[in-house]
file run_25.txt (compact mmCIF, C-alpha atoms)
# COMPACT_ATOMS: atom_id res chain seq x y z
CA MET A 26 -11.66 -37.24 -11.53
CA ASN A 27 -12.11 -35.17 -8.37
CA ASN A 28 -11.25 -36.36 -4.91
CA THR A 29 -13.25 -35.49 -1.81
CA LEU A 30 -11.95 -36.33 1.66
CA GLY A 31 -13.90 -35.81 4.85
CA LEU A 32 -12.22 -33.51 7.36
CA PRO A 33 -11.84 -34.62 11.00
CA GLN A 34 -14.84 -33.50 13.02
CA ARG A 35 -12.73 -30.93 14.88
CA ALA A 36 -10.61 -29.65 12.01
CA ASN A 37 -8.05 -26.91 12.49
CA PRO A 38 -9.90 -23.57 12.29
CA VAL A 39 -6.86 -22.08 10.53
CA LEU A 40 -8.15 -23.73 7.34
CA VAL A 41 -11.42 -21.84 7.58
CA LYS A 42 -9.73 -18.55 8.42
CA GLN A 43 -7.72 -18.66 5.17
CA SER A 44 -10.76 -17.36 3.31
CA ASN A 45 -11.47 -13.64 3.56
CA ILE A 46 -15.17 -14.29 4.06
CA PHE A 47 -14.48 -16.23 7.28
CA ALA A 48 -11.37 -14.48 8.61
CA GLY A 49 -12.16 -12.27 11.58
CA LEU A 50 -15.30 -14.10 12.66
CA PRO A 51 -15.58 -15.01 16.36
CA GLU A 52 -13.67 -18.17 17.27
CA LYS A 53 -16.82 -19.93 18.48
CA LEU A 54 -18.56 -19.28 15.16
CA ILE A 55 -15.57 -20.58 13.18
CA GLU A 56 -15.45 -23.71 15.35
CA ASP A 57 -19.12 -24.33 14.61
CA PHE A 58 -18.64 -23.71 10.88
CA GLN A 59 -15.58 -25.92 10.46
CA GLN A 60 -17.51 -29.04 11.45
CA GLU A 61 -19.64 -28.67 8.32
CA PHE A 62 -16.75 -28.54 5.87
CA GLN A 63 -15.19 -31.20 3.68
CA LEU A 64 -11.72 -31.02 2.22
CA ASN A 65 -11.46 -31.41 -1.56
CA GLU A 66 -8.42 -31.76 -3.77
CA TRP A 67 -8.60 -31.32 -7.54
CA HIS A 68 -5.70 -31.76 -9.93
CA LYS A 69 -4.73 -30.01 -13.13
CA ASP A 70 -6.93 -31.13 -16.06
CA ASP A 71 -9.36 -33.02 -13.79
CA TYR A 72 -12.94 -33.08 -15.08
CA ILE A 73 -15.20 -31.41 -12.54
CA ASN A 74 -18.93 -31.80 -13.22
CA SER A 75 -20.58 -28.39 -12.77
CA ASP A 76 -23.64 -30.14 -11.29
CA ILE A 77 -21.72 -30.24 -8.02
CA LEU A 78 -22.22 -26.48 -7.74
CA THR A 79 -25.94 -27.04 -7.09
CA LYS A 80 -25.00 -29.10 -4.04
CA ARG A 81 -21.87 -27.56 -2.51
CA PHE A 82 -20.21 -24.18 -2.07
CA PHE A 83 -16.40 -24.04 -2.41
CA VAL A 84 -13.61 -21.98 -0.85
CA ILE A 85 -10.12 -22.22 -2.36
CA LEU A 86 -7.28 -22.89 0.08
CA SER A 87 -4.47 -23.09 -2.47
CA GLY A 88 -3.96 -23.34 -6.21
CA GLN A 89 -5.68 -21.71 -9.17
CA LEU A 90 -8.96 -22.34 -11.00
CA GLU A 91 -10.25 -21.01 -14.30
CA ILE A 92 -14.01 -20.71 -14.76
CA LYS A 93 -15.01 -20.84 -18.45
CA GLN A 94 -17.97 -21.01 -20.77
CA SER A 95 -17.91 -22.39 -24.31
CA ASN A 96 -19.99 -22.33 -27.47
CA ALA A 97 -20.53 -25.89 -28.68
CA ASP A 98 -21.28 -24.69 -32.23
CA THR A 99 -18.15 -22.57 -32.71
CA GLY A 100 -15.77 -24.11 -30.20
CA LYS A 101 -15.02 -20.65 -28.80
CA GLU A 102 -14.28 -20.32 -25.09
CA ALA A 103 -14.37 -17.35 -22.74
CA THR A 104 -12.85 -17.05 -19.29
CA LEU A 105 -15.42 -15.81 -16.79
CA ASP A 106 -13.14 -15.73 -13.77
CA MET A 107 -9.72 -16.70 -12.49
CA LEU A 108 -9.83 -17.82 -8.86
CA TYR A 109 -7.00 -17.97 -6.33
CA ALA A 110 -6.50 -18.90 -2.67
CA GLY A 111 -9.15 -17.17 -0.55
CA ASP A 112 -11.72 -16.97 -3.35
CA CYS A 113 -15.04 -18.81 -3.20
CA PHE A 114 -17.62 -20.05 -5.71
CA ASP A 115 -20.28 -20.47 -7.06
CA LEU A 116 -21.85 -17.15 -6.07
CA MET A 117 -24.43 -17.34 -8.86
CA VAL A 118 -25.91 -20.64 -7.68
CA LEU A 119 -25.72 -19.53 -4.05
CA LEU A 120 -27.88 -16.50 -4.83
CA ASP A 121 -30.43 -17.83 -7.33
CA ASP A 122 -30.35 -21.63 -6.75
CA GLN A 123 -30.24 -22.24 -10.52
CA PRO A 124 -27.81 -24.52 -12.43
CA HIS A 125 -24.77 -22.75 -13.84
CA ASP A 126 -23.46 -24.09 -17.16
CA ILE A 127 -19.73 -23.51 -16.77
CA THR A 128 -16.46 -25.40 -17.09
CA ILE A 129 -14.38 -25.68 -13.92
CA SER A 130 -10.75 -26.00 -14.98
CA PRO A 131 -8.02 -26.51 -12.34
CA LEU A 132 -4.78 -24.95 -13.61
CA THR A 133 -2.77 -26.41 -10.73
CA THR A 134 -3.45 -28.80 -7.89
CA VAL A 135 -6.24 -27.06 -5.99
CA LYS A 136 -7.18 -27.64 -2.35
CA LEU A 137 -10.64 -26.49 -1.33
CA LEU A 138 -13.05 -26.45 1.55
CA SER A 139 -16.65 -27.22 0.60
CA VAL A 140 -19.92 -27.00 2.49
CA LYS A 141 -23.48 -27.93 1.57
CA LEU A 142 -25.03 -25.09 -0.40
CA GLU A 143 -28.11 -24.96 1.82
CA THR A 144 -25.88 -24.74 4.90
CA MET A 145 -24.03 -21.78 3.39
CA ARG A 146 -27.35 -20.02 2.77
CA GLN A 147 -28.51 -20.70 6.33
CA TRP A 148 -25.28 -19.20 7.68
CA LEU A 149 -25.85 -16.02 5.66
CA TRP A 150 -29.45 -15.73 6.90
CA THR A 151 -28.69 -16.64 10.52
CA TYR A 152 -25.43 -14.88 11.40
CA PRO A 153 -25.28 -11.09 10.83
CA ALA A 154 -21.52 -11.04 11.48
CA PHE A 155 -20.96 -13.52 8.65
CA ASN A 156 -23.34 -11.72 6.31
CA LYS A 157 -21.49 -8.47 7.00
CA GLN A 158 -18.18 -10.06 5.93
CA PHE A 159 -19.64 -11.81 2.90
CA MET A 160 -21.31 -8.77 1.33
CA PRO A 161 -18.06 -6.85 0.56
CA TYR A 162 -16.66 -9.94 -1.18
CA LEU A 163 -19.84 -10.23 -3.26
CA ALA A 164 -19.63 -6.52 -4.14
CA LYS A 165 -15.98 -6.93 -5.14
CA LYS A 166 -16.81 -9.76 -7.54
CA MET A 167 -19.68 -7.75 -9.01
CA ARG A 168 -17.35 -4.80 -9.63
CA GLU A 169 -14.88 -7.14 -11.33
CA LYS A 170 -17.63 -8.35 -13.67
CA GLU A 171 -18.64 -4.75 -14.40
CA GLN A 172 -15.03 -3.87 -15.23
CA GLN A 173 -14.70 -6.97 -17.43
CA VAL A 174 -17.75 -6.01 -19.49
CA SER A 175 -16.61 -2.39 -19.70
CA ASN A 176 -13.15 -3.39 -20.92
CA LEU A 177 -14.59 -5.66 -23.62
CA ALA A 178 -16.96 -2.98 -24.88
CA LEU A 179 -14.84 0.15 -24.56
CA HIS A 180 -11.18 -0.75 -25.02
CA ASP A 181 -8.95 -2.32 -27.67
CA VAL A 182 -7.06 -5.59 -27.25
CA THR A 183 -3.82 -3.89 -26.17
CA THR A 184 -5.54 -2.06 -23.33
CA ARG A 185 -7.55 -5.11 -22.27
CA LEU A 186 -4.52 -7.39 -22.26
CA GLY A 187 -2.44 -4.96 -20.24
CA ARG A 188 -5.21 -4.54 -17.68
CA ILE A 189 -5.69 -8.28 -17.31
CA ILE A 190 -2.00 -8.83 -16.59
CA LEU A 191 -1.86 -5.96 -14.10
CA ASP A 192 -5.10 -6.97 -12.40
CA HIS A 193 -3.80 -10.47 -11.83
CA ILE A 194 -0.61 -9.18 -10.24
CA ASN A 195 -2.88 -7.66 -7.61
CA LYS A 196 -4.78 -10.93 -7.10
CA ILE A 197 -1.78 -12.94 -5.94
CA LYS A 198 -2.16 -14.02 -2.33
CA PHE A 199 1.11 -15.82 -1.74
CA TYR A 200 4.74 -15.27 -2.72
CA THR A 201 7.35 -18.04 -2.96
CA GLY A 202 10.94 -16.94 -3.34
CA ARG A 203 13.69 -14.98 -1.61
CA ALA A 204 12.37 -12.54 0.99
CA GLU A 205 14.59 -9.70 -0.23
CA GLU A 206 12.98 -9.91 -3.68
CA GLU A 207 9.36 -10.17 -2.54
CA HIS A 208 8.64 -6.58 -3.54
CA ARG A 209 9.79 -7.27 -7.10
CA HIS A 210 8.40 -10.64 -8.13
CA HIS A 211 4.76 -11.70 -8.35
CA LEU A 212 4.03 -15.17 -9.70
CA ILE A 213 0.76 -16.05 -11.47
CA ASN A 214 0.24 -19.56 -12.79
CA GLY A 215 -1.79 -20.39 -15.86
CA LEU A 216 -1.60 -17.25 -18.01
CA THR A 217 -0.72 -18.98 -21.27
CA ASP A 218 -1.37 -17.18 -24.56
CA GLU A 219 -4.56 -19.25 -24.95
CA THR A 220 -5.76 -18.31 -21.45
CA LEU A 221 -4.98 -14.63 -22.01
CA ALA A 222 -6.90 -14.79 -25.30
CA ARG A 223 -9.98 -16.23 -23.54
CA MET A 224 -9.77 -13.58 -20.85
CA THR A 225 -9.29 -10.77 -23.38
CA GLY A 226 -12.00 -11.86 -25.80
CA SER A 227 -9.43 -12.32 -28.56
CA VAL A 228 -7.46 -15.15 -30.20
CA ARG A 229 -4.06 -16.62 -29.37
CA GLN A 230 -2.35 -15.24 -32.49
CA VAL A 231 -3.36 -11.65 -31.67
CA ILE A 232 -2.25 -12.00 -28.05
CA ASN A 233 1.08 -13.53 -29.05
CA LYS A 234 1.70 -10.69 -31.52
CA GLN A 235 1.02 -8.05 -28.84
CA LEU A 236 3.29 -9.79 -26.34
CA GLN A 237 6.05 -9.90 -28.95
CA LEU A 238 5.60 -6.15 -29.59
CA TRP A 239 5.97 -5.47 -25.89
CA LYS A 240 9.04 -7.70 -25.81
CA GLN A 241 10.60 -5.72 -28.67
CA ALA A 242 9.84 -2.50 -26.77
CA ASP A 243 11.59 -3.97 -23.69
CA ILE A 244 8.38 -3.77 -21.65
CA ILE A 245 8.31 -7.52 -21.01
CA ASP A 246 10.52 -10.53 -21.51
CA LYS A 247 8.55 -13.53 -22.74
CA LYS A 248 10.12 -16.89 -21.90
CA ARG A 249 8.88 -20.48 -22.06
CA ASN A 250 7.18 -20.55 -18.67
CA GLN A 251 7.25 -16.92 -17.65
CA LEU A 252 6.12 -13.49 -18.65
CA ILE A 253 8.49 -11.03 -16.98
CA ILE A 254 7.46 -7.40 -16.74
CA LYS A 255 10.55 -5.23 -17.15
CA ASP A 256 8.87 -1.81 -17.36
CA LEU A 257 5.82 -1.71 -15.12
CA GLU A 258 5.09 1.96 -15.77
CA ALA A 259 5.14 1.42 -19.52
CA LEU A 260 2.70 -1.47 -19.20
CA GLU A 261 0.43 0.64 -16.98
CA GLU A 262 0.48 3.32 -19.68
CA GLU A 263 -0.38 0.76 -22.37
CA ALA A 264 -3.27 -0.43 -20.20
CA LYS A 265 -4.41 3.09 -19.29
CA TYR A 266 -4.23 1.72 -15.77
CA THR A 267 -5.03 3.90 -12.76
CA GLN A 268 -5.12 1.45 -9.84
CA ASN A 269 -2.27 1.27 -7.34
CA LEU A 270 0.35 -1.40 -7.95
CA SER A 271 3.59 -2.17 -6.18
CA ASN A 272 6.37 0.19 -7.29
CA SER A 273 8.42 -2.74 -8.38
CA PRO A 274 11.07 -2.56 -11.09
CA SER A 275 10.00 -5.94 -12.44
CA SER A 276 7.31 -8.53 -11.92
CA ALA A 277 7.22 -12.12 -13.12
CA LEU A 278 4.08 -13.89 -14.22
CA SER A 279 4.51 -17.64 -14.38
CA LYS A 280 2.61 -19.26 -17.20
CA GLY A 281 1.33 -22.81 -16.75

call {"tool": "encode", "arguments": {"input": "run_25.txt", "output": "structure tokens"}}
result
Amino acid sequence: MNNTLGLPQRANPVLVKQSNIFAGLPEKLIEDFQQEFQLNEWHKDDYINSDILTKRFFVILSGQLEIKQSNADTGKEATLDMLYAGDCFDLMVLLDDQPHDITISPLTTVKLLSVKLETMRQWLWTYPAFNKQFMPYLAKKMREKEQQVSNLALHDVTTRLGRIILDHINKIKFYTGRAEEEHRHHLINGLTDETLARMTGSVRQVINKQLQLWKQADIIDKKRNQLIIKDLEALEEEAKYTQNLSNSPSSALSKG
């Protein structure tokens, strides 16, 4: 069950600024916006009815969400997106005002700001400064979808899996740990073998086999709750990866 709490009328604008689409807007505009927000908190395995997306637009403050679709006849599931702090949704409903048949799956406790969908649209139409900040985020998500389709059509499972892991290192917004090791460790919750299979368009057994091969090659170390990258360059080579990543000797991906 989801929980929605009303924010105080004059909520701290820092909450609003945590999202990239609002950060940098004039203080007066943020103060006006914040009065329209509610604070939501969803917990791992809560059932979230997707009908709510036709009413409200959400911005993630903390935690991690998986957006999925499923085939009722086959039971197969596919991950459409993995959302972290600073991300917002549902862009599809915001743009076309049509229902979106998806499963919203909190992988951790998730705190969100939400605003009426019609209010969000009015802001985009009324405030050029806000529209200017929103468009790059929309373009970024569109490019991610293009890359996702391209990977599924053009690359094998090994390449797709490697790219998914590396891409999600780059998506981490916050680090928790010792400051002197911040450049080495990047934690991502929720990347279980089943989740990686949904994201890769494969099955758990195939993903597990590939992870074990990488473990034998000393590229990763797979433990109960963590996937630890020991040879980042080797994984980049497996993924045919060209984007810039931290030159870290190891990275840890926490699996929920």

call {"tool": "residues_around", "arguments": {"input": "run_25.txt", "residues": "region 216-226 of chain A", "least_positions_apart": "3", "cutoff": "6 Å", "atoms": "all atoms listed in the file", "output": "number ranges by chain"}}
result
A: 103-104, 186, 229, 280

call {"tool": "closest_residue", "arguments": {"input": "run_25.txt", "among": "A:Ala154, A:Val135, A:Ile232, A:Ile127", "to": "Leu108 (chain A)", "atoms": "only C-alpha atoms"}}
result
A:Val135

call {"tool": "residues_around", "arguments": {"input": "run_25.txt", "residues": "Leu163 (chain A)", "least_positions_apart": "6", "cutoff": "10 Å", "atoms": "only C-alpha atoms", "output": "list of chain:residue names"}}
result
A:Ile46, A:Cys113, A:Leu116, A:Glu169

call {"tool": "atom_distance", "arguments": {"input": "run_25.txt", "atom1": "CA of Leu238 (chain A)", "atom2": "CA of Leu132 (chain A)"}}
result
26.8 Å

call {"tool": "closest_residue", "arguments": {"input": "run_25.txt", "among": "A:Asp121, A:Leu86, A:Glu263, A:Arg185", "to": "Ser227 (chain A)", "atoms": "only C-alpha atoms"}}
result
A:Arg185

call {"tool": "atom_distance", "arguments": {"input": "run_25.txt", "atom1": "CA of Ile73 (chain A)", "atom2": "CA of Ser130 (chain A)"}}
result
7.4 Å

call {"tool": "atom_distance", "arguments": {"input": "run_25.txt", "atom1": "CA of Lys157 (chain A)", "atom2": "CA of Gln59 (chain A)"}}
result
18.7 Å

call {"tool": "closest_residue", "arguments": {"input": "run_25.txt", "among": "A:Ile92, A:Leu120, A:Met160, A:Met107", "to": "Asn45 (chain A)", "atoms": "all atoms listed in the file"}}
result
A:Met160

call {"tool": "residues_around", "arguments": {"input": "run_25.txt", "residues": "Arg146 (chain A)", "least_positions_apart": "4", "cutoff": "12 Å", "atoms": "only C-alpha atoms", "output": "count of residues only"}}
result
18

call {"tool": "closest_residue", "arguments": {"input": "run_25.txt", "among": "A:Asp243, A:Asp106, A:Asp98, A:Glu143", "to": "Asp192 (chain A)", "atoms": "all atoms listed in the file"}}
result
A:Asp106

call {"tool": "closest_residue", "arguments": {"input": "run_25.txt", "among": "A:Ala110, A:Ile194, A:Leu50, A:Val84", "to": "Met145 (chain A)", "atoms": "only C-alpha atoms"}}
result
A:Val84

call {"tool": "closest_residue", "arguments": {"input": "run_25.txt", "among": "A:Asp57, A:Ser44, A:Asn176, A:Gly88", "to": "Trp148 (chain A)", "atoms": "only C-alpha atoms"}}
result
A:Asp57
